[in-house]
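Novice: File final31.txt below, compact mmCIF, C-alpha atoms and all ligand atoms:
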# COMPACT_ATOMS: atom_id res chain seq x y z
CA MET A 1089 20.31 12.64 8.88
CA ALA A 1090 18.47 13.34 5.66
CA THR A 1091 18.85 16.89 4.34
CA THR A 1092 15.55 18.66 3.75
CA GLU A 1093 16.52 21.79 1.72
CA GLY A 1094 13.03 23.14 2.31
CA LYS A 1095 11.45 20.08 0.69
CA PRO A 1096 9.99 16.88 2.09
CA THR A 1097 12.25 13.83 1.82
CA LEU A 1098 11.08 10.28 1.26
CA GLN A 1099 13.20 7.54 2.81
CA HIS A 1100 12.27 4.91 0.26
CA LEU A 1101 12.98 1.18 0.49
CA SER A 1102 13.06 -1.08 -2.57
CA ASN A 1103 10.15 -3.50 -3.04
CA SER A 1104 8.07 -1.91 -0.33
CA GLN A 1105 4.85 -0.08 0.40
CA SER A 1106 6.84 3.14 0.22
CA GLN A 1107 6.12 2.92 -3.53
CA THR A 1108 2.61 4.21 -2.85
CA ILE A 1109 3.99 7.30 -1.09
CA LEU A 1110 6.26 7.91 -4.05
CA TRP A 1111 3.09 7.68 -6.18
CA LEU A 1112 1.38 10.35 -4.05
CA LEU A 1113 4.42 12.64 -4.24
CA GLU A 1114 4.31 12.32 -8.03
CA GLU A 1115 0.56 13.00 -8.07
CA LEU A 1116 1.10 16.16 -6.02
CA GLU A 1117 3.76 17.36 -8.48
CA ILE A 1118 5.79 19.01 -5.74
CA PRO A 1119 9.56 19.19 -5.37
CA TYR A 1120 10.87 16.50 -3.01
CA ASN A 1121 14.05 14.65 -2.14
CA LEU A 1122 14.20 10.92 -2.68
CA ASN A 1123 16.66 8.77 -0.71
CA LEU A 1124 16.76 5.22 -2.06
CA PHE A 1125 17.54 2.29 0.26
CA GLU A 1126 18.06 -1.30 -0.88
CA ARG A 1127 16.81 -4.31 1.03
CA GLN A 1128 19.56 -6.43 2.60
CA LYS A 1129 18.62 -10.10 2.98
CA ASN A 1130 15.06 -8.94 2.47
CA ARG A 1131 15.15 -6.54 5.46
CA ALA A 1132 15.59 -2.78 5.65
CA PRO A 1133 19.21 -1.61 6.09
CA GLU A 1134 20.27 -0.44 9.57
CA SER A 1135 20.78 3.08 8.17
CA LEU A 1136 16.99 3.60 8.13
CA LYS A 1137 17.18 3.65 11.94
CA GLU A 1138 19.18 6.90 11.73
CA THR A 1139 15.99 8.81 10.91
CA HIS A 1140 13.42 6.77 12.87
CA PRO A 1141 13.90 4.13 15.61
CA LEU A 1142 11.64 1.60 13.85
CA GLY A 1143 13.99 1.61 10.85
CA ARG A 1144 11.18 0.92 8.40
CA SER A 1145 10.02 2.57 5.21
CA PRO A 1146 8.28 4.75 4.19
CA GLN A 1147 9.53 7.58 6.36
CA LEU A 1148 8.72 11.12 5.35
CA ILE A 1149 11.08 13.79 6.66
CA THR A 1150 9.21 17.08 6.51
CA ALA A 1151 10.80 20.30 5.31
CA SER A 1152 11.23 21.26 8.97
CA GLY A 1153 12.96 17.94 9.77
CA ARG A 1154 10.18 15.96 11.48
CA ALA A 1155 10.12 12.24 10.65
CA ILE A 1156 6.63 10.89 9.98
CA VAL A 1157 5.97 7.14 9.70
CA GLU A 1158 2.86 5.09 8.87
CA ARG A 1159 1.32 5.60 5.45
CA SER A 1160 -2.02 6.72 6.85
CA ALA A 1161 -0.27 9.61 8.64
CA ILE A 1162 2.13 10.38 5.78
CA THR A 1163 -0.70 10.59 3.23
CA ALA A 1164 -2.73 12.81 5.59
CA TYR A 1165 0.26 15.11 6.10
CA LEU A 1166 1.17 15.36 2.42
CA ILE A 1167 -2.39 16.01 1.24
CA ASP A 1168 -3.13 18.51 4.04
CA THR A 1169 0.12 20.36 3.40
CA TYR A 1170 0.57 20.26 -0.36
CA ASP A 1171 -2.77 19.58 -2.06
CA SER A 1172 -3.62 23.25 -2.53
CA THR A 1173 -6.34 22.61 -5.13
CA GLY A 1174 -8.00 19.82 -3.12
CA ARG A 1175 -7.69 17.21 -5.88
CA PHE A 1176 -6.96 14.39 -3.44
CA LYS A 1177 -9.17 15.59 -0.59
CA VAL A 1178 -12.62 14.14 0.11
CA SER A 1179 -15.54 16.34 -0.82
CA GLY A 1180 -17.54 15.74 2.35
CA ALA A 1181 -20.79 15.87 0.38
CA ASP A 1182 -22.54 12.80 1.89
CA ASP A 1183 -22.00 9.70 4.06
CA ALA A 1184 -20.19 7.88 1.26
CA HIS A 1185 -17.80 10.74 0.56
CA ASP A 1186 -17.07 12.45 3.88
CA ALA A 1187 -14.04 12.47 6.17
CA ILE A 1188 -15.52 9.80 8.46
CA ARG A 1189 -15.96 7.39 5.53
CA GLU A 1190 -12.41 8.11 4.43
CA GLN A 1191 -11.07 7.33 7.91
CA GLU A 1192 -13.27 4.23 8.07
CA LEU A 1193 -11.85 2.91 4.78
CA VAL A 1194 -8.24 3.74 5.64
CA GLY A 1195 -8.84 1.78 8.88
CA PHE A 1196 -10.50 -1.04 6.93
CA ALA A 1197 -7.46 -1.26 4.63
CA GLU A 1198 -4.88 -1.28 7.42
CA ALA A 1199 -6.66 -3.13 10.20
CA SER A 1200 -9.07 -5.47 8.39
CA PHE A 1201 -7.99 -6.24 4.83
CA ASN A 1202 -4.32 -6.17 5.81
CA VAL A 1203 -4.92 -8.75 8.57
CA THR A 1204 -6.37 -11.19 6.01
CA ALA A 1205 -3.61 -10.35 3.54
CA MET A 1206 -0.78 -10.80 6.07
CA THR A 1207 -2.23 -14.09 7.37
CA ALA A 1208 -2.30 -15.40 3.81
CA MET A 1209 1.18 -14.04 3.05
CA MET A 1210 2.62 -15.66 6.19
CA PHE A 1211 1.54 -19.09 4.94
CA TYR A 1212 2.68 -18.23 1.41
CA TYR A 1213 6.21 -17.54 2.72
CA LEU A 1214 6.15 -20.49 5.14
CA LYS A 1215 5.25 -22.88 2.32
CA ALA A 1216 7.91 -21.48 0.02
CA LEU A 1217 10.71 -21.29 2.57
CA SER A 1218 10.18 -24.37 4.73
CA PRO A 1219 12.46 -27.40 4.17
CA PHE A 1220 10.96 -29.97 1.79
CA PHE A 1221 10.35 -32.56 4.51
CA ILE A 1222 7.96 -30.33 6.49
CA ARG A 1223 6.42 -28.61 3.46
CA PRO A 1224 3.50 -31.09 3.17
CA LEU A 1225 2.60 -30.37 6.81
CA VAL A 1226 2.82 -26.59 6.31
CA SER A 1227 0.75 -26.91 3.12
CA ALA A 1228 -1.91 -28.88 4.98
CA VAL A 1229 -2.12 -26.28 7.78
CA SER A 1230 -2.18 -23.50 5.17
CA ALA A 1231 -5.07 -25.21 3.34
CA MET A 1232 -6.99 -25.46 6.64
CA ILE A 1233 -6.45 -21.78 7.44
CA HIS A 1234 -7.52 -20.80 3.92
CA LEU A 1235 -10.62 -22.98 4.04
CA GLY A 1236 -11.66 -21.99 7.54
CA TYR A 1237 -10.77 -18.31 7.56
CA VAL A 1238 -8.72 -16.61 4.85
CA ASP A 1239 -10.75 -17.44 1.74
CA LYS A 1240 -14.09 -16.45 3.33
CA GLU A 1241 -12.60 -13.19 4.64
CA PHE A 1242 -11.04 -12.35 1.27
CA ASP A 1243 -14.32 -13.02 -0.47
CA ALA A 1244 -16.38 -10.90 1.96
CA GLN A 1245 -13.87 -8.05 1.95
CA LEU A 1246 -13.33 -8.04 -1.82
CA LYS A 1247 -17.10 -8.15 -2.43
CA TYR A 1248 -17.43 -5.17 -0.07
CA MET A 1249 -14.72 -3.26 -1.96
CA ASP A 1250 -16.32 -4.20 -5.27
CA SER A 1251 -19.64 -2.75 -4.09
CA LEU A 1252 -17.97 0.47 -2.92
CA LEU A 1253 -16.36 0.88 -6.33
CA GLU A 1254 -19.59 0.28 -8.26
CA GLY A 1255 -20.13 3.28 -10.53
CA GLN A 1256 -17.09 5.22 -9.36
CA GLU A 1257 -13.43 5.24 -10.36
CA TYR A 1258 -11.80 5.47 -6.93
CA PHE A 1259 -12.99 4.54 -3.43
CA MET A 1260 -14.16 8.02 -2.50
CA SER A 1261 -14.49 9.82 -5.79
CA ASP A 1262 -14.22 9.96 -9.53
CA GLY A 1263 -11.23 11.49 -11.23
CA ASN A 1264 -8.58 11.32 -8.53
CA PRO A 1265 -7.50 8.90 -5.82
CA THR A 1266 -7.70 9.82 -2.13
CA ARG A 1267 -5.88 8.48 0.95
CA VAL A 1268 -7.99 5.30 0.75
CA ASP A 1269 -6.58 4.43 -2.67
CA PHE A 1270 -2.99 5.37 -1.77
CA VAL A 1271 -3.16 3.13 1.32
CA MET A 1272 -5.20 0.26 -0.16
CA LEU A 1273 -3.31 -0.30 -3.41
CA PHE A 1274 -0.25 -1.92 -1.79
CA PHE A 1275 -2.35 -4.45 0.14
CA ILE A 1276 -4.21 -5.49 -3.00
CA GLN A 1277 -1.00 -5.67 -5.03
CA THR A 1278 0.74 -7.82 -2.41
CA VAL A 1279 -1.86 -10.59 -2.55
CA TYR A 1280 -2.69 -10.22 -6.24
CA TYR A 1281 0.89 -10.17 -7.55
CA SER A 1282 1.93 -13.14 -5.38
CA LYS A 1283 -1.19 -15.02 -6.61
CA VAL A 1284 -2.42 -15.52 -3.06
CA VAL A 1285 -5.84 -14.34 -4.21
CA ASP A 1286 -7.39 -13.78 -7.61
CA ILE A 1287 -9.05 -10.37 -7.86
CA THR A 1288 -10.48 -10.91 -11.36
CA PRO A 1289 -13.84 -12.23 -10.00
CA TYR A 1290 -14.25 -8.76 -8.44
CA PRO A 1291 -14.39 -6.68 -11.65
CA ASN A 1292 -14.62 -3.25 -10.01
CA VAL A 1293 -11.59 -3.99 -7.80
CA LYS A 1294 -9.62 -5.27 -10.79
CA ALA A 1295 -10.60 -2.23 -12.90
CA TRP A 1296 -9.65 0.07 -9.98
CA HIS A 1297 -6.22 -1.60 -9.68
CA ASP A 1298 -5.65 -1.24 -13.43
CA ARG A 1299 -6.80 2.39 -13.32
CA CYS A 1300 -4.37 3.24 -10.50
CA VAL A 1301 -1.35 1.72 -12.23
CA ALA A 1302 -2.27 3.35 -15.56
CA ARG A 1303 -1.94 6.81 -14.01
CA PRO A 1304 1.08 8.76 -15.31
CA ALA A 1305 2.10 9.56 -11.72
CA TRP A 1306 2.21 5.83 -10.83
CA LYS A 1307 4.35 5.18 -13.91
CA ARG A 1308 6.75 8.01 -12.99
CA ALA A 1309 6.96 6.64 -9.44
CA MET A 1310 7.85 3.21 -10.83
CA GLU A 1311 10.66 4.76 -12.88
CA LYS A 1312 12.03 6.74 -9.91
CA GLY A 1313 11.86 3.94 -7.32
CA ASN A 1314 14.41 1.16 -7.00
CA GLY A 1315 12.20 -1.83 -7.80
CA TYR A 1316 8.75 -3.01 -6.80
CA SER A 1317 8.73 -6.76 -6.83
CA LEU A 1318 6.23 -8.21 -4.34
CA GLY A 1319 6.15 -11.83 -3.22
CA LEU A 1320 8.90 -14.33 -4.02
N1 LIG B 1 2.52 0.27 8.85
C1 LIG B 1 3.71 0.82 8.21
C2 LIG B 1 4.48 -0.36 7.66
C3 LIG B 1 5.91 -0.03 7.31
C4 LIG B 1 6.66 -1.31 6.97
O1 LIG B 1 6.52 -2.33 7.63
N2 LIG B 1 7.44 -1.25 5.88
C5 LIG B 1 8.18 -2.39 5.46
C6 LIG B 1 8.26 -2.42 3.95
S1 LIG B 1 6.78 -2.92 3.16
C7 LIG B 1 9.61 -2.33 5.94
O2 LIG B 1 10.16 -1.26 6.08
N3 LIG B 1 10.23 -3.48 6.15
C8 LIG B 1 11.60 -3.54 6.50
C9 LIG B 1 11.94 -4.67 7.37
O3 LIG B 1 11.06 -5.46 7.69
O4 LIG B 1 13.11 -4.77 7.75
C10 LIG B 1 3.33 1.86 7.16
O5 LIG B 1 2.13 2.01 6.87
O6 LIG B 1 4.18 2.58 6.65
Is it possible to express this structure as structure tokens?
Ligand SMILES: N[C@@H](CCC(=O)N[C@@H](CS)C(=O)NCC(=O)O)C(=O)O
Specialist:
Amino acid sequence: MATTEGKPTLQHLSNSQSQTILWLLEELEIPYNLNLFERQKNRAPESLKETHPLGRSPQLITASGRAIVERSAITAYLIDTYDSTGRFKVSGADDAHDAIREQELVGFAEASFNVTAMTAMMFYYLKALSPFFIRPLVSAVSAMIHLGYVDKEFDAQLKYMDSLLEGQEYFMSDGNPTRVDFVMLFFIQTVYYSKVVDITPYPNVKAWHDRCVARPAWKRAMEKGNGYSLGL
């Protein structure tokens, strides 16, 4: 069991979306414990099941010992609990900046963009890992799926994101990221870094990505984590 010592504890897995929770912890500038876990044959080690039955990462163990999973819930908990100045909270001023829009975009990231991204990534891994004699077949099926579904979805979704980011630095605000950015960044990085999709034709999305990773808190999180290599 992770010790809490009155601080939240991040159960952090190498090369995983937990990196974005580490980023948020660094943005919040709060004391926290960091337990680093290494992937074993690409999977999480069994020891991550000691703190949550799913055995995945990120897991946030609160100061009172509760284990929270799912980045949408972890970001909500951390910001609600520790963002005393409201830097990462939505302003609620209008339809484009209120709590409903934030929830809508967190849902869009996890349940819409992520579906396209994971479909593409599945074929990316299948192509790379299948034996050479069936690779042409897998490549042909992959090309069909891209042509008939994935590429059109990526284009529609990235154009939508590009329009949301027009004239503002982050999805919900200028100046500081919100839950939408903390959740979305990993999905964009997964497909962009593995070259499954090119985000450069969507200049606002590309500038947003570059802005996020230029933040000092992201850089500190990269130094404190145990690697963030996505794709093969
Ligand atoms: N929906 C979860 C996803 C958690 C998840 O699947 N994490 C991956 C790392 S990116 C993991 O722990 N994988 C370990 C494994 O598959 O064994 C979240 O938002 O936190």
Novice: Taking into account all atoms listed in the file, which residue in the set A:Thr1163, A:Ser1218, A:Ser1104, A:Gln1277 is nearest to Tyr1316 in chain A?
Specialist: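 Among A:Thr1163, A:Ser1218, A:Ser1104, A:Gln1277, it is A:Ser1104 that comes nearest to Tyr1316 in chain A.
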Novice: Dump the neighbourhood of ligand LIG 1 (chain B) as an NGL selection string: all residues within 10 Å, distances computed on all atoms listed in the file.
Specialist: :A and (1099-1109 or 1127-1134 or 1136 or 1142-1148 or 1156-1163 or 1198-1199 or 1202 or 1271 or 1274-1275 or 1278 or 1318)
Novice: For His1234 in chain A, list every protein, DNA or RNA residue within 12 Å, evaluated using all atoms listed in the file, and leave out those in the same chain fewer than 3 positions away; present the list as a list in words.
Specialist: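 Everything that qualifies: Thr1204, Ala1205, Thr1207, Ala1208, Met1209, Met1210, Phe1211, Tyr1212, Ser1227, Ala1228, Val1229, Ser1230, Ala1231, Tyr1237, Val1238, Asp1239, Lys1240, Glu1241, Phe1242, Asp1243, Val1284 and Val1285 of chain A.
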Novice: Around the point (16.1, 23.8, 1.8) (coordinates from the file), which residues reach within 12 Å if we count only C-alpha atoms? Answer as number ranges by chain.
Specialist: A: 1090-1097, 1119-1121, 1150-1153
Novice: CA of Leu1273 in chain A and CA of Pro1304 in chain A, how far apart in Å?
Specialist: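 Result for CA of Pro1304 in chain A versus CA of Leu1273 in chain A: 15.6 Å, one decimal.
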